[in-house]
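Report on the structure given below.
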Amino acid sequence: MAKHLRIAQVAPPFFSIPPDKYGGIEMIVAMLVDGLVARGHEVTLIAAGDPPPRGNFEATFDEPQRAGLGDSLVELTHAARAAAVLDNLELDVIHDHTLSGAAMARGRKAPVVITSHGPATGGWGQYLDAVAAAVHLVAISESQMKLNPELPWRTVIHNAVDTTQIKVTENKSDHLVWMGRMCEEKGAHVAIDVARAAGRSIVLAAKCFEPAEQEYFEKFVQPRLGDDVDWRGEVGGAEKYRMLGEAAGFLFPLQWEEPFGLAMAEALACGTPVLALRRGAVPEIVQDGVTGYVRDTTEELAAAIGHLDRLDPFACRFRVDEYFSPKLMVDRYELLFQQVAAAQ
């Protein structure tokens, strides 16, 4: 019988748990807290804003610090306040999802698990290498791990999507949809070009309030807007899943090695196939020819759009329920937590 553990989940301070709109990490944290509490573990969430429905809660800020996203002082203040909370808790495992938490792991009374939600190469790879001896490092895809195999990865645990409140939409419109952060890496401007080349209209939805996001939008996306582009800004909840479900396909021409790509899994959960370039974790999420099309060039992506009607919406949903369910994600984290606690 599995031992009941005392677990701290440390979330970033910028969005609520669970998030109202944008917030992939926050969505994952919310599922972990809920799933672990349901299994009898004592879970303390350290975050900003209001407490979630389950588990104990310690706030570092009264409100989520959305406006401070990218501000190192907000991140460091959150880390310092979280450290004070952790010092006063009796814990078996600390699971930290923040950028600075790993730097403060050395000397903790309980073992620290770090999930690398972002890139693990370049400067971030150097950072993770510097802290690796003090933490148990989790990758969110095989691709992320293979891009920096020198890091002492403990395991790979894919992100998840809770499909219990998501409807599969069978009757599709003709248009495409793109959703993500408004940045060059996610390729919103390329998505417009690809959709246009295929003679399709496209819906765009994204967080776009950080200066770098606004600069990218004004330089690359705004000049491409027209009658065939529906720019909706940031969406969430039922509106997001309705938007994803109505589309003929989710177009995701990534311009970088995406560590996971939760938006792809969300689209599949709605029964909407994904059209994506072969970058990062895309082949781990999208089953080519079954739940979408994975191609090497934008020209090949545009050509594949004409074959979307061959794909079954329920095969898309099955892919998520089979490989990216909250239960499977919680199973894997729970096993890891048991292992690191037993080895302490």
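In the structure tokens, the first chain shown is A, the next is B, and so on; residue numbers restart at 1 for each chain, and ligands run from 1 in the order shown.
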DSSP strand (DSSP E or B) selection over range 30-247 of chain A, as a ChimeraX atom specification: /A:42-48,56-61,93-96,112-115,136-139,153-156,176-181,202-207,229-231
Given the selection you just returned, output its residues as a file containing C-alpha atoms, formatted as a PDB file, in the first residue's frame.
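Done, and the output landed in selection.pdb:
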```pdb
ATOM      1  CA  GLU A  42      -1.505  15.969   2.575  1.00  0.00           C
ATOM      2  CA  VAL A  43      -0.853  18.678  -0.006  1.00  0.00           C
ATOM      3  CA  THR A  44       0.070  22.300   0.643  1.00  0.00           C
ATOM      4  CA  LEU A  45      -0.097  24.661  -2.310  1.00  0.00           C
ATOM      5  CA  ILE A  46       2.140  27.733  -2.156  1.00  0.00           C
ATOM      6  CA  ALA A  47       0.960  30.311  -4.687  1.00  0.00           C
ATOM      7  CA  ALA A  48      -0.536  33.783  -5.120  1.00  0.00           C
ATOM      8  CA  ASN A  56      -3.878  23.388   2.318  1.00  0.00           C
ATOM      9  CA  PHE A  57      -2.890  26.811   1.044  1.00  0.00           C
ATOM     10  CA  GLU A  58      -0.215  29.392   1.752  1.00  0.00           C
ATOM     11  CA  ALA A  59      -0.306  32.672  -0.165  1.00  0.00           C
ATOM     12  CA  THR A  60       2.807  34.621  -1.110  1.00  0.00           C
ATOM     13  CA  PHE A  61       0.719  37.496  -2.549  1.00  0.00           C
ATOM     14  CA  VAL A  93       8.556  16.065  -0.863  1.00  0.00           C
ATOM     15  CA  ILE A  94       8.679  19.570  -2.333  1.00  0.00           C
ATOM     16  CA  HIS A  95       7.557  19.904  -5.952  1.00  0.00           C
ATOM     17  CA  ASP A  96       8.581  23.296  -7.341  1.00  0.00           C
ATOM     18  CA  VAL A 112      12.988  18.777  -4.137  1.00  0.00           C
ATOM     19  CA  VAL A 113      11.431  17.740  -7.445  1.00  0.00           C
ATOM     20  CA  ILE A 114      11.743  20.278 -10.253  1.00  0.00           C
ATOM     21  CA  THR A 115       9.666  20.076 -13.429  1.00  0.00           C
ATOM     22  CA  HIS A 136      15.232  15.567  -8.898  1.00  0.00           C
ATOM     23  CA  LEU A 137      14.686  16.846 -12.444  1.00  0.00           C
ATOM     24  CA  VAL A 138      11.573  15.973 -14.484  1.00  0.00           C
ATOM     25  CA  ALA A 139      11.240  16.501 -18.241  1.00  0.00           C
ATOM     26  CA  TRP A 153      16.956  13.667 -15.706  1.00  0.00           C
ATOM     27  CA  ARG A 154      15.008  11.546 -13.263  1.00  0.00           C
ATOM     28  CA  THR A 155      12.080  10.769 -15.575  1.00  0.00           C
ATOM     29  CA  VAL A 156       9.717  12.079 -18.259  1.00  0.00           C
ATOM     30  CA  LEU A 176      -8.659  26.817 -38.733  1.00  0.00           C
ATOM     31  CA  VAL A 177      -7.556  27.954 -35.279  1.00  0.00           C
ATOM     32  CA  TRP A 178      -4.249  28.906 -33.658  1.00  0.00           C
ATOM     33  CA  MET A 179      -3.794  29.494 -29.918  1.00  0.00           C
ATOM     34  CA  GLY A 180      -0.748  30.180 -27.760  1.00  0.00           C
ATOM     35  CA  ARG A 181       1.551  32.877 -26.444  1.00  0.00           C
ATOM     36  CA  ILE A 202      -8.198  31.358 -39.254  1.00  0.00           C
ATOM     37  CA  VAL A 203      -9.065  32.301 -35.677  1.00  0.00           C
ATOM     38  CA  LEU A 204      -6.186  33.547 -33.505  1.00  0.00           C
ATOM     39  CA  ALA A 205      -6.311  33.563 -29.682  1.00  0.00           C
ATOM     40  CA  ALA A 206      -3.403  34.488 -27.436  1.00  0.00           C
ATOM     41  CA  LYS A 207      -2.129  36.213 -24.340  1.00  0.00           C
ATOM     42  CA  VAL A 229      -8.275  36.435 -39.764  1.00  0.00           C
ATOM     43  CA  ASP A 230     -10.394  36.605 -36.604  1.00  0.00           C
ATOM     44  CA  TRP A 231      -8.195  37.978 -33.786  1.00  0.00           C
TER      45      TRP A 231
END
```
Would you mind listing, for every residue of range 163-256 of chain A within 9 Å of range 272-295 of chain A, the two atoms forming the shortest contact and the distance between them in Å to one decimal, using only C-alpha atoms, sorted by chain and ascending residue number, as a tab-separated table?
```
residue	atom	partner	partner_atom	distance
A:Val168	CA	A:Thr272	CA	8.1
A:Thr169	CA	A:Thr272	CA	7.7
A:Glu170	CA	A:Thr272	CA	8.6
A:Lys172	CA	A:Thr272	CA	8.5
A:Leu244	CA	A:Thr272	CA	6.8
A:Gly245	CA	A:Thr272	CA	5.8
A:Glu246	CA	A:Thr272	CA	7.9
A:Ala247	CA	A:Thr272	CA	6.8
A:Ala248	CA	A:Thr272	CA	6.5
A:Gly249	CA	A:Pro273	CA	5.1
A:Phe250	CA	A:Val274	CA	4.6
A:Leu251	CA	A:Leu275	CA	4.9
A:Phe252	CA	A:Ala276	CA	4.7
A:Pro253	CA	A:Ala276	CA	5.0
A:Leu254	CA	A:Leu277	CA	6.1
A:Gln255	CA	A:Arg279	CA	7.7
A:Trp256	CA	A:Arg279	CA	6.5
```
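Shortest atom-to-atom contact with Gln344 in chain A among A:Leu91, A:Val320, A:Leu73, A:Met243: A:Leu91, counting only C-alpha atoms.
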DSSP alpha helix (DSSP H) selection over range 83-186 of chain A, as a list in words: Ala83, Ala84, Val85, Leu86, Asp87, Gly122, Gly123, Trp124, Gly125, Gln126, Tyr127, Leu128, Asp129, Ala130, Val131, Glu142, Ser143, Gln144, Met145, Lys146 and Leu147 of chain A
Residues within 7 Å of range 217-225 of chain A, only C-alpha atoms, excluding chain neighbours under 2 positions, as a ChimeraX atom specification: /A:182,188-189,213-215,229
Selected residue of minimal separation from Pro211 in chain A among A:Gly101, A:Gly306, A:Pro18, A:Gly70, counting only C-alpha atoms: A:Gly70
Could I get the residues of range 78-123 of chain A with an atom no further than 8 Å from an atom of range 322-343 of chain A, each paired with its nearest atom pair and that distance in Å to one decimal, using only C-alpha atoms, sorted by chain and residue number, as CSV?
```
residue,atom,partner,partner_atom,distance
A:Asp92,CA,A:Ala341,CA,5.7
A:Val93,CA,A:Ala341,CA,6.2
A:Ala110,CA,A:Ala341,CA,7.9
A:Pro111,CA,A:Val340,CA,6.7
```
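CA of Ala103 in chain A is positioned 22.3 Å from CA of Gly24 in chain A.
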Write out as CSV the residues of range 31-115 of chain A that have any atom within 7 Å of an atom of range 119-134 of chain A, one row each with the nearest atom pair and its distance in Å to one decimal, counting only C-alpha atoms, sorted by chain and then rising number.
```
residue,atom,partner,partner_atom,distance
A:Ala102,CA,A:Val131,CA,6.3
A:Ala103,CA,A:Val131,CA,6.1
A:Ala105,CA,A:Ala134,CA,6.0
A:Arg106,CA,A:Ala134,CA,5.2
```
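Ranking A:Cys270, A:Val135, A:Ile140, A:Ala11 by their shortest atom-to-atom distance to Gly118 in chain A, with only C-alpha atoms included, puts A:Ile140 first.
Using only C-alpha atoms, the contacts of Tyr216 in chain A at a cut-off of 7 Å, with sequence neighbours closer than 4 positions omitted, comprise A:Cys183, A:Glu184, A:Ala212, A:Phe220.
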For the residues in that selection, give me all heavy atoms as a PDB file, in the first residue's frame.
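Writing the result to again_38.pdb gives the following:
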```pdb
ATOM      1  N   CYS A 183       4.111  35.138 -29.563  1.00  0.00           N
ATOM      2  CA  CYS A 183       5.562  35.259 -29.694  1.00  0.00           C
ATOM      3  C   CYS A 183       5.987  34.546 -30.970  1.00  0.00           C
ATOM      4  O   CYS A 183       5.270  33.699 -31.504  1.00  0.00           O
ATOM      5  CB  CYS A 183       6.274  34.661 -28.482  1.00  0.00           C
ATOM      6  SG  CYS A 183       5.983  32.904 -28.240  1.00  0.00           S
ATOM      7  N   GLU A 184       7.173  34.900 -31.460  1.00  0.00           N
ATOM      8  CA  GLU A 184       7.644  34.367 -32.724  1.00  0.00           C
ATOM      9  C   GLU A 184       7.788  32.851 -32.687  1.00  0.00           C
ATOM     10  O   GLU A 184       7.547  32.160 -33.680  1.00  0.00           O
ATOM     11  CB  GLU A 184       8.974  35.018 -33.091  1.00  0.00           C
ATOM     12  CG  GLU A 184       9.448  34.693 -34.493  1.00  0.00           C
ATOM     13  CD  GLU A 184      10.630  35.541 -34.928  1.00  0.00           C
ATOM     14  OE1 GLU A 184      11.054  36.419 -34.152  1.00  0.00           O
ATOM     15  OE2 GLU A 184      11.121  35.320 -36.054  1.00  0.00           O
ATOM     16  N   ALA A 212       7.077  42.425 -25.007  1.00  0.00           N
ATOM     17  CA  ALA A 212       7.647  41.646 -26.112  1.00  0.00           C
ATOM     18  C   ALA A 212       6.550  41.025 -26.973  1.00  0.00           C
ATOM     19  O   ALA A 212       6.689  40.927 -28.202  1.00  0.00           O
ATOM     20  CB  ALA A 212       8.566  40.558 -25.568  1.00  0.00           C
ATOM     21  N   PHE A 220       4.664  41.588 -36.733  1.00  0.00           N
ATOM     22  CA  PHE A 220       4.476  40.427 -37.590  1.00  0.00           C
ATOM     23  C   PHE A 220       3.020  40.030 -37.827  1.00  0.00           C
ATOM     24  O   PHE A 220       2.695  39.491 -38.884  1.00  0.00           O
ATOM     25  CB  PHE A 220       5.230  39.218 -37.011  1.00  0.00           C
ATOM     26  CG  PHE A 220       6.715  39.348 -37.055  1.00  0.00           C
ATOM     27  CD1 PHE A 220       7.423  39.706 -35.918  1.00  0.00           C
ATOM     28  CD2 PHE A 220       7.417  39.112 -38.219  1.00  0.00           C
ATOM     29  CE1 PHE A 220       8.801  39.825 -35.947  1.00  0.00           C
ATOM     30  CE2 PHE A 220       8.800  39.226 -38.256  1.00  0.00           C
ATOM     31  CZ  PHE A 220       9.491  39.587 -37.119  1.00  0.00           C
TER      32      PHE A 220
END
```
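Picture a line from CA of Glu150 in chain A to CA of Ser100 in chain A; it runs 21.1 Å.
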Nearest-residue call for Cys316 in chain A, choices A:Glu300, A:Asp87, A:Glu266, A:Glu210, using only C-alpha atoms: A:Glu266
